[in-house]
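Encoded as structure tokens, the structure appears first; notes follow it.
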Amino acid sequence: MGQITLKQVRKSFGDVHVIPGVDLDINDGEFVVFVGPSGCGKSTLLRLIAGLEDTTSGIIAIDGKDATALPPAKRGLAMVFQSYALYPHMTVRKNIAFPLKMAGMTPAEQEKRVERAASVLDLTSYLDRRPGQLSGGQRQRVAIGRAIVREPAAFLFDEPLSNLDAALRVGMRQEIAELHQSLKTTMVYVTHDQVEAMTMADKIVVLNAGRIEQVGSPLELYRSPVNLFVAGFIGSPRMNFIDGAEAAKHGAATIGIRPEHVNIIAAGPWTGTVGLAEHLGSDTFLKVTVDGIGILNVRANGEVGHHHGDRVSLAPQADKIHRFNRDGRSIT
Amino acid sequence: MARAVSNRTKVINTAIAGTLGFVMFFPILWIIILSFKTEEDAIRAPLEVLFSAGWTTENFVTVQERSDYFKHFSNSVIIALGSTLLGLVIAIPAAWSMAFVPSKHTKDVLMWMLSTKMMPPVGVLVPIYLIFRDTGMLDSRIGLTIILMLINLPIIIWMLYTYFREIPGEILEAARMDGASLKKEILYVLAPMAVPGIASTILLNIILAWNEAFWTLNLTAAKAAPLTAFIASYSSPEGLFFAKLSAASIMAIAPILIMGWFSQKQLVRGLTFGAVK
């Protein structure tokens with residue numbers, strides 16, 4: 001079981017209210033991703049759940065039991081840190097066995113569990129090395145190994161991939177997602193990378209300045225963001241925002257249209273000049289300065305041959321236009 | 001790119017460094033020479049001292065007979081080791097809390113501790129002396145151990161604080177998540193990682209306690225007197241005995257010099273710990 005409930009959880013450091021009050025339900029077996037820009041409080045929220053920070057007020061319940069005052073070790077959660085936080089003076093074997101040793105398990109049982117975790121994570125041949133002799137990806141796997149041997153109620157990941165290079169990150173991302181599918185244990189994952197959030201999550205929690213802006217499945221957030229912040233944060237490349245006269249035509253203070261929802265056609269309502277054209281093969285990204293509107297990012301298929309200085313005509317897909325009022329809230 | 005250094009510069013630099021080194025070492029060398037001379041030879045002009053014929057080990061024998069070197073030596077060992085260990089017992093938890101759970105006032109406390117080292121010790125001699133007299137700790141090894149521990153405590157805490165600060169907090173948090181109690185966290189994670197730092201703190205404090213002369217001279221008479229008092233007893237009002245004073249000095253500094261020599265690598269590594277990754 002790994003059900004986590006937050007009720008009016010607040011955290012202040014002196015006069016700074018990092019988390020002004022959060023309500024959230026995380027269901028058993030769910031993969032929940034906290035995403036937001038740096039400083040939005042997502043790591044603090046995770047550390048509150050872990051018990052590494054004390055709440056200023058509010059209740060954190062794990063499997064229905066109030067865990068607000070419990071120390072980290074008593075909460076039955078395991079955490080993987082951004083810096084891996086391996087014990088440098090211990091071998092991989094001892095690192096993975098450490099939580100079992102702390103739990104007072106017999107050496108034989110420890111060994112059995114370490115071997116099993118090592119074979120799942122492909123670490124068997126590295127068990128007698130020290131963390132310093134491993135690559136970044138291997139260290140991350142040791143950190144995950146140390147988390148899974150305890151069979152915790154839930155895993156907490158604090159930006160676990162941000163110290164890895166781009167290629168390794170994609171691989172580890174898939175490994176963690178597969179691990180979730182095989183273990184079916186609750187995972188709470190913090191990242192600032194919305195691509196990680198979109199690809200891994202069952203449920204995304206978008207945070208901004210300590211507040212939850214929106215909670216939903218990746219596609220819900222993509223299709224119907226509740227405000228400008230979520231609209232701008234989810235989706236890559238970023239959504240285009242247009243205000244002024246063009247927005248007023250749609251009865252909104254601001255309208256948003258994603259780059260992939262702008263078509264290049266022969267005679268569209270908007271015309272502009274191509275500033276930058278990036279040909280990736282699979283896609284073409286164009287930065288177009290549209291007359292009377294401003295710069296729009298457009299995502300077209302890879303065969304589009306436009307270059308710097310070309311005049312193009314554009315049309316937004318009418319049903320994909322997002323409308324926002326003066327307060328930045330979505331108009332439905 | 002490395003800076004280009006010509007051979008001439010290298011030679012000049014080496015010569016300057018060698019000369020400086022010799023000048024600094026010279027007093028110790030001179031004491032060594034004097035300690036093997038008779039009292040008559042020892043008070044001659046320097047060149048005559050060097051070329052006079054008489055070399056003798058008699059000074060060492062006389063010194064041991066007259067003032068029981070081994071009693072002073074064991075006092076020094078007990079006081080130096082005792083004050084260092086007692087200091088660690090207090091300083092490790094103190095440095096831990098300041099490094100890992102700092103409060104608003106941690107910086108102030110650290111500065112305040114350091115500021116006590118700026119005060120001339122003679123300023124508090126009278127009150128300390130009276131306290132020692134009234135509690136019966138005058139001329140006792142326990143009294144000296146306590147006072148030397150207190151004097152070096154700011155340095156021990158500062159050094160340990162600096163080493164502990166180098167240990168990433170996330171590793172200790174990981175231990176906490178893994179179910180380690182505070183005691184196990186310190187025992188299994190913090191202490192093994194801080195071993196180089198703790199070792200050099202121990203070494204430095206043994207040296208400081210061994211060489212401390214102000215309090216050891218003022219608070220002891222006969223029973224608890226360490227080697228500093230042993231040396232001082234040879235520069236007495238009855239007249240200077242240069243050769244015997246030198247022999248006594250050599251006997252007093254030799255143990256710490258040898259220990260320093262063998263542990264210098266550890267000491268330097270500890271003192272520059274974290275400065276170079």
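If you're wondering about the labels, chains in the structure tokens are A, B, ... by order shown, residues count from 1 in each chain, ligands from 1 in order shown.
Set the cut-off at 8 Å, count only C-alpha atoms, and the residues of chain B near chain A turn out to be B:Pro168, B:Glu170, B:Ile171, B:Glu173, B:Ala174, B:Ala175, B:Arg176, B:Met177, B:Asp178, B:Gly179, B:Ala180, B:Val189, B:Pro192, B:Met193.
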Go ahead and save the residues from that selection, with C-alpha atoms, as an mmCIF file, in the first residue's frame.
data_model
loop_
_atom_site.group_PDB
_atom_site.id
_atom_site.type_symbol
_atom_site.label_atom_id
_atom_site.label_comp_id
_atom_site.auth_asym_id
_atom_site.auth_seq_id
_atom_site.Cartn_x
_atom_site.Cartn_y
_atom_site.Cartn_z
ATOM 1 C CA PRO B 168 27.048 16.624 1.723
ATOM 2 C CA GLU B 170 22.037 14.676 1.382
ATOM 3 C CA ILE B 171 24.153 11.675 2.398
ATOM 4 C CA GLU B 173 19.489 12.560 4.890
ATOM 5 C CA ALA B 174 19.786 9.360 2.885
ATOM 6 C CA ALA B 175 20.943 7.587 6.049
ATOM 7 C CA ARG B 176 17.953 9.010 7.880
ATOM 8 C CA MET B 177 15.608 7.780 5.125
ATOM 9 C CA ASP B 178 17.313 4.386 5.314
ATOM 10 C CA GLY B 179 16.288 4.128 8.931
ATOM 11 C CA ALA B 180 19.470 5.137 10.759
ATOM 12 C CA VAL B 189 28.149 7.434 7.918
ATOM 13 C CA PRO B 192 33.942 7.148 8.577
ATOM 14 C CA MET B 193 33.644 9.990 6.098
#
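Contact shell of range 242-247 of chain A at 9 Å (only C-alpha atoms; same-chain neighbours under 4 positions omitted): Gly251, Ala252, Ala253, Thr254, Ile255, Gly256, Ile257, Gly292, Ile293, Gly294, Leu296, Arg323 and Phe324 of chain A.
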Can I get the selection written as a PDB file, in the first residue's frame, with C-alpha atoms?
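Written output follows (again.pdb):
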ATOM      1  CA  GLY A 251     -13.690  37.084 -27.079  1.00  0.00           C
ATOM      2  CA  ALA A 252     -10.629  36.655 -24.800  1.00  0.00           C
ATOM      3  CA  ALA A 253      -7.883  38.753 -23.256  1.00  0.00           C
ATOM      4  CA  THR A 254      -5.275  36.263 -24.455  1.00  0.00           C
ATOM      5  CA  ILE A 255      -5.434  33.335 -26.795  1.00  0.00           C
ATOM      6  CA  GLY A 256      -2.970  30.476 -26.951  1.00  0.00           C
ATOM      7  CA  ILE A 257      -2.147  28.177 -29.834  1.00  0.00           C
ATOM      8  CA  GLY A 292       0.169  42.605 -36.721  1.00  0.00           C
ATOM      9  CA  ILE A 293       0.616  39.783 -34.161  1.00  0.00           C
ATOM     10  CA  GLY A 294       4.278  39.201 -33.445  1.00  0.00           C
ATOM     11  CA  LEU A 296       4.902  32.708 -33.533  1.00  0.00           C
ATOM     12  CA  ARG A 323      -8.889  31.299 -24.625  1.00  0.00           C
ATOM     13  CA  PHE A 324      -7.902  33.046 -21.409  1.00  0.00           C
TER      14      PHE A 324
END
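One distance worth recording is that between CA of Gly21 in chain B and CA of Val49 in chain B, which is 22.5 Å.
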